[in-house]
>>> print(open('protein03.txt').read())   # compact mmCIF, C-alpha atoms
# COMPACT_ATOMS: atom_id res chain seq x y z
CA MET A 1 241.09 44.80 -30.75
CA SER A 2 244.88 45.00 -30.43
CA ALA A 3 246.57 41.63 -30.53
CA LEU A 4 247.55 40.20 -27.17
CA PRO A 5 251.12 39.02 -26.67
CA PRO A 6 251.50 35.23 -26.58
CA ARG A 7 251.21 33.35 -23.33
CA SER A 8 254.18 33.77 -21.04
CA ALA A 9 257.30 31.71 -21.43
CA GLU A 10 258.27 32.89 -17.92
CA ALA A 11 256.98 30.27 -15.49
CA ASP A 12 256.58 32.77 -12.64
CA ALA A 13 255.22 35.69 -14.65
CA PRO A 14 251.73 37.01 -13.84
CA THR A 15 249.37 37.36 -16.78
CA VAL A 16 248.23 40.83 -15.74
CA VAL A 17 250.03 43.48 -13.68
CA THR A 18 248.13 46.42 -12.18
CA LEU A 19 249.83 49.48 -10.70
CA GLY A 20 248.36 52.09 -8.38
CA GLU A 21 247.31 53.11 -4.90
CA SER A 22 244.94 51.15 -2.70
CA MET A 23 243.59 52.33 0.62
CA ALA A 24 241.81 51.03 3.65
CA LEU A 25 238.08 51.38 2.94
CA VAL A 26 235.77 52.16 5.87
CA THR A 27 232.07 51.56 5.21
CA PRO A 28 229.01 51.63 7.51
CA THR A 29 227.68 48.09 7.87
CA THR A 30 224.20 49.32 6.96
CA ARG A 31 223.18 52.14 4.63
CA GLN A 32 223.47 54.86 7.22
CA PRO A 33 225.44 58.10 6.88
CA LEU A 34 228.83 58.38 8.58
CA ARG A 35 227.43 61.03 10.89
CA THR A 36 225.05 58.59 12.60
CA ALA A 37 226.35 55.09 11.81
CA GLU A 38 227.72 53.13 14.75
CA HIS A 39 229.20 50.03 13.12
CA PHE A 40 231.67 49.83 10.24
CA THR A 41 233.63 47.35 8.14
CA VAL A 42 237.23 47.83 7.02
CA GLY A 43 237.94 46.60 3.51
CA ILE A 44 240.04 47.30 0.43
CA GLY A 45 239.61 50.37 -1.74
CA GLY A 46 241.57 51.02 -4.91
CA ALA A 47 240.88 50.69 -8.61
CA GLU A 48 243.99 48.73 -9.54
CA SER A 49 243.91 46.21 -6.70
CA THR A 50 240.18 45.73 -7.31
CA VAL A 51 240.85 44.81 -10.93
CA ALA A 52 243.58 42.39 -9.79
CA LEU A 53 241.24 40.84 -7.21
CA TYR A 54 238.48 40.20 -9.74
CA LEU A 55 240.93 38.81 -12.30
CA THR A 56 242.45 36.43 -9.76
CA GLY A 57 238.97 35.29 -8.78
CA LEU A 58 238.28 34.63 -12.45
CA GLY A 59 241.26 32.31 -12.69
CA HIS A 60 244.03 34.60 -13.96
CA ARG A 61 247.47 35.25 -12.47
CA ALA A 62 247.40 38.90 -11.44
CA ALA A 63 249.98 41.02 -9.61
CA TRP A 64 249.48 44.41 -7.98
CA VAL A 65 252.30 46.98 -7.72
CA SER A 66 252.02 49.68 -5.05
CA ALA A 67 253.34 51.08 -1.77
CA ILE A 68 251.86 51.09 1.72
CA GLY A 69 252.85 52.64 5.01
CA ALA A 70 254.51 50.71 7.82
CA ASP A 71 251.22 50.61 9.71
CA PRO A 72 248.49 48.11 10.61
CA LEU A 73 246.12 49.32 7.89
CA GLY A 74 248.74 48.77 5.21
CA ALA A 75 249.54 45.31 6.53
CA ARG A 76 245.84 44.48 6.70
CA LEU A 77 245.33 45.66 3.13
CA VAL A 78 248.18 43.56 1.73
CA ASP A 79 247.12 40.53 3.78
CA GLU A 80 243.59 40.77 2.39
CA VAL A 81 244.66 41.23 -1.22
CA SER A 82 247.13 38.37 -0.91
CA ARG A 83 244.53 36.13 0.75
CA HIS A 84 242.49 36.25 -2.44
CA GLY A 85 245.47 35.09 -4.49
CA VAL A 86 246.82 38.35 -5.91
CA ASP A 87 250.62 38.44 -6.24
CA VAL A 88 251.87 41.21 -3.90
CA ARG A 89 255.62 40.66 -4.24
CA TRP A 90 256.04 44.18 -5.71
CA VAL A 91 254.22 46.06 -2.95
CA ALA A 92 256.77 48.12 -1.01
CA VAL A 93 256.55 49.39 2.58
CA ASP A 94 257.41 53.07 3.07
CA PRO A 95 258.29 53.74 6.74
CA ALA A 96 258.06 57.51 6.24
CA ALA A 97 254.45 57.79 4.99
CA PRO A 98 251.03 56.35 5.91
CA THR A 99 248.63 54.08 4.08
CA GLY A 100 245.74 56.07 2.61
CA VAL A 101 242.19 55.72 3.95
CA TYR A 102 238.80 56.52 2.50
CA PHE A 103 235.28 56.47 3.86
CA LYS A 104 231.97 55.80 2.16
CA ASP A 105 229.08 58.00 3.31
CA PRO A 106 225.75 56.53 2.16
CA GLY A 107 222.90 58.98 1.74
CA PRO A 108 219.41 59.18 0.19
CA ASP A 109 220.83 60.66 -3.02
CA GLY A 110 223.74 58.25 -3.34
CA THR A 111 227.07 57.57 -1.71
CA THR A 112 229.68 60.26 -1.11
CA VAL A 113 233.32 59.26 -0.80
CA HIS A 114 235.79 61.01 1.52
CA TYR A 115 239.50 60.45 0.81
CA TYR A 116 242.41 60.86 3.23
CA ARG A 117 245.31 60.09 0.94
CA ALA A 118 247.47 63.25 0.74
CA GLY A 119 251.09 62.38 1.44
CA SER A 120 250.39 58.66 1.42
CA ALA A 121 253.05 56.05 0.78
CA ALA A 122 251.64 55.34 -2.68
CA SER A 123 251.67 59.03 -3.63
CA ARG A 124 255.45 59.01 -3.11
CA MET A 125 256.02 56.33 -5.74
CA GLY A 126 258.11 57.24 -8.79
CA PRO A 127 259.77 55.59 -11.78
CA GLU A 128 262.23 53.83 -9.47
CA VAL A 129 259.39 51.46 -8.54
CA LEU A 130 259.94 49.72 -11.86
CA ASP A 131 263.47 48.73 -10.79
CA ARG A 132 261.88 45.96 -8.72
CA VAL A 133 259.20 44.94 -11.23
CA ASP A 134 259.78 42.33 -13.94
CA LEU A 135 257.32 42.65 -16.83
CA ARG A 136 258.86 39.88 -18.92
CA GLY A 137 256.12 37.47 -19.96
CA VAL A 138 253.31 39.77 -18.73
CA ARG A 139 250.46 40.01 -21.24
CA VAL A 140 248.61 43.07 -19.90
CA LEU A 141 249.64 46.09 -17.81
CA HIS A 142 246.55 47.81 -16.40
CA LEU A 143 246.76 51.46 -15.31
CA THR A 144 244.29 54.17 -14.39
CA GLY A 145 244.23 57.94 -14.54
CA ILE A 146 244.12 58.08 -10.74
CA THR A 147 247.82 57.36 -10.40
CA SER A 148 248.97 60.32 -12.48
CA ALA A 149 246.83 62.62 -10.34
CA LEU A 150 248.45 61.59 -7.05
CA SER A 151 251.76 63.45 -7.51
CA GLY A 152 254.36 64.50 -10.03
CA SER A 153 256.43 61.42 -9.26
CA CYS A 154 253.41 59.17 -9.80
CA ALA A 155 252.76 60.86 -13.16
CA ARG A 156 256.35 60.09 -14.17
CA LEU A 157 255.86 56.52 -12.96
CA THR A 158 252.80 56.11 -15.20
CA ASP A 159 254.78 57.22 -18.26
CA ALA A 160 257.69 54.98 -17.33
CA ALA A 161 255.36 52.01 -16.81
CA ILE A 162 253.84 52.44 -20.27
CA ALA A 163 257.32 52.55 -21.80
CA ALA A 164 258.37 49.46 -19.82
CA ALA A 165 255.27 47.58 -20.96
CA ARG A 166 256.05 48.46 -24.57
CA ASP A 167 259.61 47.17 -24.13
CA ALA A 168 258.29 43.95 -22.59
CA GLY A 169 255.70 43.41 -25.35
CA ALA A 170 252.73 43.76 -22.99
CA LEU A 171 249.39 45.31 -23.97
CA VAL A 172 248.65 48.56 -22.11
CA SER A 173 245.13 48.82 -20.67
CA PHE A 174 244.11 52.26 -19.37
CA ASP A 175 240.98 53.22 -17.44
CA VAL A 176 240.48 57.00 -17.51
CA ASN A 177 238.95 56.96 -14.01
CA HIS A 178 238.87 60.73 -13.53
CA ARG A 179 238.72 61.76 -9.86
CA ALA A 180 237.52 65.35 -9.55
CA GLY A 181 238.74 65.48 -5.95
CA LEU A 182 242.31 64.99 -7.18
CA TRP A 183 242.32 67.32 -10.19
CA SER A 184 239.84 69.45 -12.08
CA HIS A 185 238.44 68.66 -15.50
CA ALA A 186 240.60 71.40 -17.00
CA GLU A 187 243.77 70.01 -15.41
CA ALA A 188 242.95 66.39 -16.14
CA ALA A 189 241.62 66.55 -19.70
CA PRO A 190 244.87 67.01 -21.65
CA GLU A 191 246.85 64.57 -19.51
CA LEU A 192 244.19 61.86 -19.61
CA ALA A 193 243.87 62.33 -23.37
CA ARG A 194 247.63 61.92 -23.76
CA LEU A 195 247.70 58.76 -21.64
CA SER A 196 244.69 57.36 -23.52
CA SER A 197 246.43 57.87 -26.84
CA ALA A 198 249.44 55.92 -25.52
CA ALA A 199 247.36 52.88 -24.54
CA ASP A 200 246.19 49.87 -26.54
CA LEU A 201 242.86 49.59 -24.71
CA VAL A 202 240.98 52.49 -23.10
CA PHE A 203 237.98 52.35 -20.76
CA VAL A 204 235.98 55.51 -20.07
CA GLY A 205 232.53 56.32 -18.73
CA ARG A 206 230.19 58.25 -20.98
CA ASP A 207 229.76 60.93 -18.30
CA GLU A 208 233.54 61.16 -17.83
CA ALA A 209 234.11 61.63 -21.54
CA GLU A 210 231.48 64.37 -21.73
CA GLY A 211 232.93 66.17 -18.71
CA LEU A 212 236.54 65.94 -19.84
CA TRP A 213 236.32 66.37 -23.60
CA GLY A 214 232.73 67.35 -24.37
CA GLU A 215 232.25 64.16 -26.38
CA SER A 216 230.64 60.81 -25.56
CA ASP A 217 230.11 59.13 -28.93
CA ALA A 218 232.68 56.32 -29.17
CA ILE A 219 233.57 56.89 -32.83
CA ARG A 220 234.02 60.65 -32.54
CA LEU A 221 235.86 60.32 -29.21
CA TYR A 222 238.25 57.79 -30.74
CA ALA A 223 239.20 60.26 -33.45
CA ARG A 224 239.37 63.24 -31.09
CA LEU A 225 241.80 61.49 -28.75
CA GLY A 226 243.89 60.03 -31.56
CA LEU A 227 243.57 56.52 -30.17
CA ARG A 228 245.62 53.61 -31.49
CA GLY A 229 243.81 50.50 -30.31
CA THR A 230 240.40 49.85 -28.77
CA LEU A 231 238.01 52.18 -26.93
CA VAL A 232 235.27 51.01 -24.57
CA VAL A 233 232.69 53.63 -23.55
CA LYS A 234 230.55 52.61 -20.57
CA ASP A 235 227.09 54.14 -20.29
CA GLY A 236 225.86 53.07 -16.87
CA ALA A 237 222.67 51.03 -16.84
CA LEU A 238 222.27 51.31 -20.62
CA GLY A 239 225.31 49.34 -21.75
CA ALA A 240 228.75 49.76 -23.29
CA THR A 241 230.20 50.33 -26.75
CA GLU A 242 233.50 49.01 -28.06
CA PHE A 243 235.11 50.73 -31.04
CA ASP A 244 238.32 49.40 -32.56
CA GLY A 245 238.82 52.06 -35.20
CA ALA A 246 236.66 50.24 -37.73
CA THR A 247 233.64 48.64 -36.05
CA ALA A 248 231.43 49.86 -33.20
CA THR A 249 229.63 47.24 -31.11
CA PHE A 250 227.06 48.03 -28.42
CA GLU A 251 226.06 45.51 -25.75
CA PRO A 252 223.27 46.35 -23.28
CA ALA A 253 223.91 46.07 -19.56
CA VAL A 254 222.34 43.29 -17.54
CA PRO A 255 219.47 44.27 -15.22
CA VAL A 256 220.55 44.60 -11.59
CA GLN A 257 219.14 46.07 -8.39
CA VAL A 258 221.76 48.72 -7.70
CA VAL A 259 222.89 49.07 -4.10
CA GLU A 260 225.88 51.28 -4.90
CA PRO A 261 227.79 52.08 -8.13
CA VAL A 262 231.26 52.58 -6.58
CA GLY A 263 233.66 49.91 -7.87
CA ALA A 264 231.48 48.76 -10.77
CA GLY A 265 233.76 50.30 -13.40
CA ASP A 266 236.76 48.36 -12.10
CA ALA A 267 234.71 45.16 -12.02
CA PHE A 268 233.63 45.80 -15.63
CA ALA A 269 237.25 46.29 -16.71
CA ALA A 270 238.27 43.04 -15.01
CA GLY A 271 235.45 41.08 -16.63
CA TYR A 272 236.26 42.52 -20.05
CA LEU A 273 239.99 41.77 -19.63
CA SER A 274 239.21 38.23 -18.46
CA ALA A 275 237.14 37.52 -21.56
CA MET A 276 239.76 39.14 -23.78
CA LEU A 277 242.49 36.95 -22.27
CA GLY A 278 240.26 33.97 -22.94
CA GLY A 279 240.02 34.86 -26.64
CA GLN A 280 236.32 35.79 -26.50
CA ASP A 281 234.69 37.97 -29.15
CA VAL A 282 233.51 41.53 -28.63
CA VAL A 283 229.96 40.64 -27.55
CA ASP A 284 231.26 38.21 -24.94
CA ARG A 285 233.90 40.70 -23.75
CA LEU A 286 231.31 43.41 -23.17
CA GLY A 287 228.75 40.98 -21.78
CA PHE A 288 231.17 39.49 -19.26
CA GLY A 289 232.20 43.00 -18.27
CA HIS A 290 228.55 43.80 -17.51
CA ARG A 291 228.01 40.59 -15.55
CA THR A 292 231.10 41.18 -13.44
CA ALA A 293 230.08 44.79 -12.81
CA ALA A 294 226.67 43.57 -11.63
CA ARG A 295 228.37 41.89 -8.67
CA ALA A 296 229.78 45.21 -7.49
CA LEU A 297 226.55 47.11 -8.18
CA ALA A 298 224.64 44.80 -5.85
CA SER A 299 227.00 45.45 -2.91
CA THR A 300 228.47 48.28 -0.80
CA GLN A 301 231.94 46.77 -1.26
CA ASP A 302 234.26 47.51 -4.18
CA PHE A 303 235.28 43.86 -4.50
CA VAL A 304 232.66 41.12 -4.27
CA PRO A 305 234.02 37.55 -4.43
CA ALA A 306 232.06 35.09 -6.59
>>> encode(input="protein03.txt", output="structure tokens")
Amino acid sequence: MSALPPRSAEADAPTVVTLGESMALVTPTTRQPLRTAEHFTVGIGGAESTVALYLTGLGHRAAWVSAIGADPLGARLVDEVSRHGVDVRWVAVDPAAPTGVYFKDPGPDGTTVHYYRAGSAASRMGPEVLDRVDLRGVRVLHLTGITSALSGSCARLTDAAIAAARDAGALVSFDVNHRAGLWSHAEAAPELARLSSAADLVFVGRDEAEGLWGESDAIRLYARLGLRGTLVVKDGALGATEFDGATATFEPAVPVQVVEPVGAGDAFAAGYLSAMLGGQDVVDRLGFGHRTAARALASTQDFVPA
């Protein structure tokens, strides 16, 4: 495991900063398909804000960097994230673009997700976002592969954020989080491999790794991607493996009655990061990741407060 930077000497610095798009999440209140459901809830949907929400709930200082539209859904989203204690000082309002929205469509064979995010405020972000962000004293910057897929400017922002984290002495955490609706496997594979190799800590699902690179074994994948720090391969209900370049450790998942898997990967990452920040060993890091993911698996919401 790559060494964490020391605790912040900056009194106001968050411990973890996440960067990426979040959207208004519309979900039927019961497990009915969108076509027939009559009642819905409006919540928060977005990998990076979800990680920040879980980390804040686990007692860490977390900030989320993004952009929203000058609309009620954007204001509602920021109000909700802030209400749970996440630092939103670096969320900008773009008056020329909307807040993204996505819908969950439950069905007998699982949940389908429908995104309406093209041209969103967050997709217009670029490296200039970092002009308003202070990473001094931050211990972890958490990114996902979703951001690079949103637009060319967002891809440049991801690279710039990694460089800024390096300059600030922060550890870079990267969740591959491939979204086939944003880019194909062929388009995504080389870029996600490059971003993974630039990170200190990489999370990837076993199925993602197989689809992108034709490899799911943690040790072989580590070598194939030319990784520099720690790799965590998540294998659904079976468990997860951490490989640090020398030692592979597998920890089985905890049993849970799955309601919906959407959001569980972000919850796992938050639980793992929380244990890592607390100085826990590999078994506890993986185990706490599983226990945090179980909260999301037992709900239709991406974020489930304790």
>>> atom_distance(input="protein03.txt", atom1="CA of Val283 (chain A)", atom2="CA of Leu297 (chain A)")
20.7 Å
>>> atom_distance(input="protein03.txt", atom1="CA of Ile219 (chain A)", atom2="CA of Val233 (chain A)")
9.9 Å
>>> residues_around(input="protein03.txt", residues="Asp134 (chain A)", least_positions_apart="5", cutoff="12 Å", atoms="all atoms listed in the file", output="PyMOL selection string")
chain A and resi 10+12-17+63+65+89-90+129+141+161+164-165+167-168+170
>>> write_last_selection(input="protein03.txt", atoms="C-alpha atoms", output="PDB file, in the frame of the given file")
ATOM      1  CA  GLU A  10     258.270  32.890 -17.920  1.00  0.00           C
ATOM      2  CA  ASP A  12     256.580  32.770 -12.640  1.00  0.00           C
ATOM      3  CA  ALA A  13     255.220  35.690 -14.650  1.00  0.00           C
ATOM      4  CA  PRO A  14     251.730  37.010 -13.840  1.00  0.00           C
ATOM      5  CA  THR A  15     249.370  37.360 -16.780  1.00  0.00           C
ATOM      6  CA  VAL A  16     248.230  40.830 -15.740  1.00  0.00           C
ATOM      7  CA  VAL A  17     250.030  43.480 -13.680  1.00  0.00           C
ATOM      8  CA  ALA A  63     249.980  41.020  -9.610  1.00  0.00           C
ATOM      9  CA  VAL A  65     252.300  46.980  -7.720  1.00  0.00           C
ATOM     10  CA  ARG A  89     255.620  40.660  -4.240  1.00  0.00           C
ATOM     11  CA  TRP A  90     256.040  44.180  -5.710  1.00  0.00           C
ATOM     12  CA  VAL A 129     259.390  51.460  -8.540  1.00  0.00           C
ATOM     13  CA  LEU A 141     249.640  46.090 -17.810  1.00  0.00           C
ATOM     14  CA  ALA A 161     255.360  52.010 -16.810  1.00  0.00           C
ATOM     15  CA  ALA A 164     258.370  49.460 -19.820  1.00  0.00           C
ATOM     16  CA  ALA A 165     255.270  47.580 -20.960  1.00  0.00           C
ATOM     17  CA  ASP A 167     259.610  47.170 -24.130  1.00  0.00           C
ATOM     18  CA  ALA A 168     258.290  43.950 -22.590  1.00  0.00           C
ATOM     19  CA  ALA A 170     252.730  43.760 -22.990  1.00  0.00           C
TER      20      ALA A 170
END
>>> atom_distance(input="protein03.txt", atom1="CA of Leu171 (chain A)", atom2="CA of Tyr222 (chain A)")
18.0 Å
>>> closest_residue(input="protein03.txt", among="A:Ala70, A:Leu221, A:Leu192, A:Val51", to="Ala269 (chain A)", atoms="only C-alpha atoms")
A:Val51
>>> residues_around(input="protein03.txt", residues="region 304-306 of chain A", least_positions_apart="4", cutoff="7 Å", atoms="all atoms listed in the file", output="PyMOL selection string")
chain A and resi 57+295-296
>>> write_last_selection(input="protein03.txt", atoms="C-alpha atoms", output="PDB file, in the frame of the given file")
ATOM      1  CA  GLY A  57     238.970  35.290  -8.780  1.00  0.00           C
ATOM      2  CA  ARG A 295     228.370  41.890  -8.670  1.00  0.00           C
ATOM      3  CA  ALA A 296     229.780  45.210  -7.490  1.00  0.00           C
TER       4      ALA A 296
END
>>> closest_residue(input="protein03.txt", among="A:Phe268, A:Trp64, A:Phe174, A:Phe40", to="Thr230 (chain A)", atoms="only C-alpha atoms")
A:Phe174
>>> residues_near_point(input="protein03.txt", point="(238.4, 57.3, -14.0)", cutoff="12 Å", atoms="all atoms listed in the file", output="PyMOL selection string")
chain A and resi 46-48+143-149+174-183+185+188-189+192-193+196+202-209+211-212+233-234+262-266+269
>>> residues_near_point(input="protein03.txt", point="(246.6, 55.6, -25.6)", cutoff="10 Å", atoms="all atoms listed in the file", output="ChimeraX atom specification")
/A:162,172-174,192-202,225-231
>>> decode(input="protein03.txt", residues="region 115-126 of chain A", atoms="all heavy atoms", output="tab-separated table (two decimals), in the first residue's frame")
chain	number	residue	atom	x	y	z
A	115	TYR	N	-29.44	7.72	-18.62
A	115	TYR	CA	-28.76	8.98	-18.33
A	115	TYR	C	-29.21	10.09	-19.29
A	115	TYR	O	-29.37	9.85	-20.49
A	115	TYR	CB	-27.24	8.81	-18.48
A	115	TYR	CG	-26.61	7.91	-17.45
A	115	TYR	CD1	-26.31	6.58	-17.75
A	115	TYR	CD2	-26.29	8.39	-16.18
A	115	TYR	CE1	-25.72	5.75	-16.80
A	115	TYR	CE2	-25.70	7.57	-15.23
A	115	TYR	CZ	-25.42	6.26	-15.55
A	115	TYR	OH	-24.83	5.44	-14.62
A	116	TYR	N	-29.36	11.29	-18.74
A	116	TYR	CA	-29.61	12.49	-19.53
A	116	TYR	C	-28.60	13.53	-19.07
A	116	TYR	O	-28.89	14.40	-18.24
A	116	TYR	CB	-31.06	12.96	-19.34
A	116	TYR	CG	-32.05	11.92	-19.79
A	116	TYR	CD1	-32.47	10.90	-18.94
A	116	TYR	CD2	-32.55	11.92	-21.10
A	116	TYR	CE1	-33.36	9.91	-19.37
A	116	TYR	CE2	-33.44	10.95	-21.53
A	116	TYR	CZ	-33.84	9.95	-20.66
A	116	TYR	OH	-34.71	8.98	-21.09
A	117	ARG	N	-27.38	13.39	-19.59
A	117	ARG	CA	-26.28	14.19	-19.09
A	117	ARG	C	-25.50	14.91	-20.20
A	117	ARG	O	-24.59	15.67	-19.92
A	117	ARG	CB	-25.33	13.32	-18.28
A	117	ARG	CG	-24.54	12.34	-19.10
A	117	ARG	CD	-23.91	11.20	-18.31
A	117	ARG	NE	-23.20	11.56	-17.12
A	117	ARG	CZ	-22.65	10.68	-16.28
A	117	ARG	NH1	-22.76	9.37	-16.52
A	117	ARG	NH2	-22.00	11.08	-15.20
A	118	ALA	N	-25.82	14.67	-21.45
A	118	ALA	CA	-25.09	15.31	-22.55
A	118	ALA	C	-25.22	16.83	-22.45
A	118	ALA	O	-26.31	17.37	-22.28
A	118	ALA	CB	-25.63	14.83	-23.90
A	119	GLY	N	-24.10	17.51	-22.54
A	119	GLY	CA	-24.11	18.97	-22.46
A	119	GLY	C	-24.35	19.53	-21.08
A	119	GLY	O	-24.64	20.72	-20.93
A	120	SER	N	-24.20	18.70	-20.07
A	120	SER	CA	-24.44	19.15	-18.70
A	120	SER	C	-23.37	20.12	-18.23
A	120	SER	O	-22.29	20.23	-18.83
A	120	SER	CB	-24.48	17.96	-17.75
A	120	SER	OG	-23.18	17.38	-17.65
A	121	ALA	N	-23.67	20.81	-17.15
A	121	ALA	CA	-22.70	21.76	-16.59
A	121	ALA	C	-21.39	21.07	-16.25
A	121	ALA	O	-20.30	21.59	-16.52
A	121	ALA	CB	-23.30	22.42	-15.34
A	122	ALA	N	-21.47	19.88	-15.66
A	122	ALA	CA	-20.25	19.17	-15.26
A	122	ALA	C	-19.43	18.74	-16.47
A	122	ALA	O	-18.20	18.71	-16.42
A	122	ALA	CB	-20.59	17.96	-14.40
A	123	SER	N	-20.09	18.42	-17.58
A	123	SER	CA	-19.35	17.99	-18.77
A	123	SER	C	-18.55	19.12	-19.39
A	123	SER	O	-17.66	18.88	-20.20
A	123	SER	CB	-20.31	17.40	-19.81
A	123	SER	OG	-21.07	18.42	-20.43
A	124	ARG	N	-18.84	20.36	-18.99
A	124	ARG	CA	-18.12	21.52	-19.52
A	124	ARG	C	-16.91	21.90	-18.65
A	124	ARG	O	-16.22	22.87	-18.96
A	124	ARG	CB	-19.09	22.71	-19.61
A	124	ARG	CG	-20.13	22.55	-20.69
A	124	ARG	CD	-21.40	23.38	-20.43
A	124	ARG	NE	-21.13	24.77	-20.19
A	124	ARG	CZ	-21.26	25.75	-21.11
A	124	ARG	NH1	-21.63	25.45	-22.36
A	124	ARG	NH2	-21.05	27.02	-20.80
A	125	MET	N	-16.69	21.15	-17.57
A	125	MET	CA	-15.54	21.45	-16.73
A	125	MET	C	-14.24	21.19	-17.48
A	125	MET	O	-14.17	20.32	-18.34
A	125	MET	CB	-15.56	20.59	-15.45
A	125	MET	CG	-16.68	20.89	-14.49
A	125	MET	SD	-16.48	20.04	-12.89
A	125	MET	CE	-16.56	18.31	-13.38
A	126	GLY	N	-13.20	21.95	-17.13
A	126	GLY	CA	-11.87	21.75	-17.69
A	126	GLY	C	-10.82	22.03	-16.65
A	126	GLY	O	-11.13	22.26	-15.47
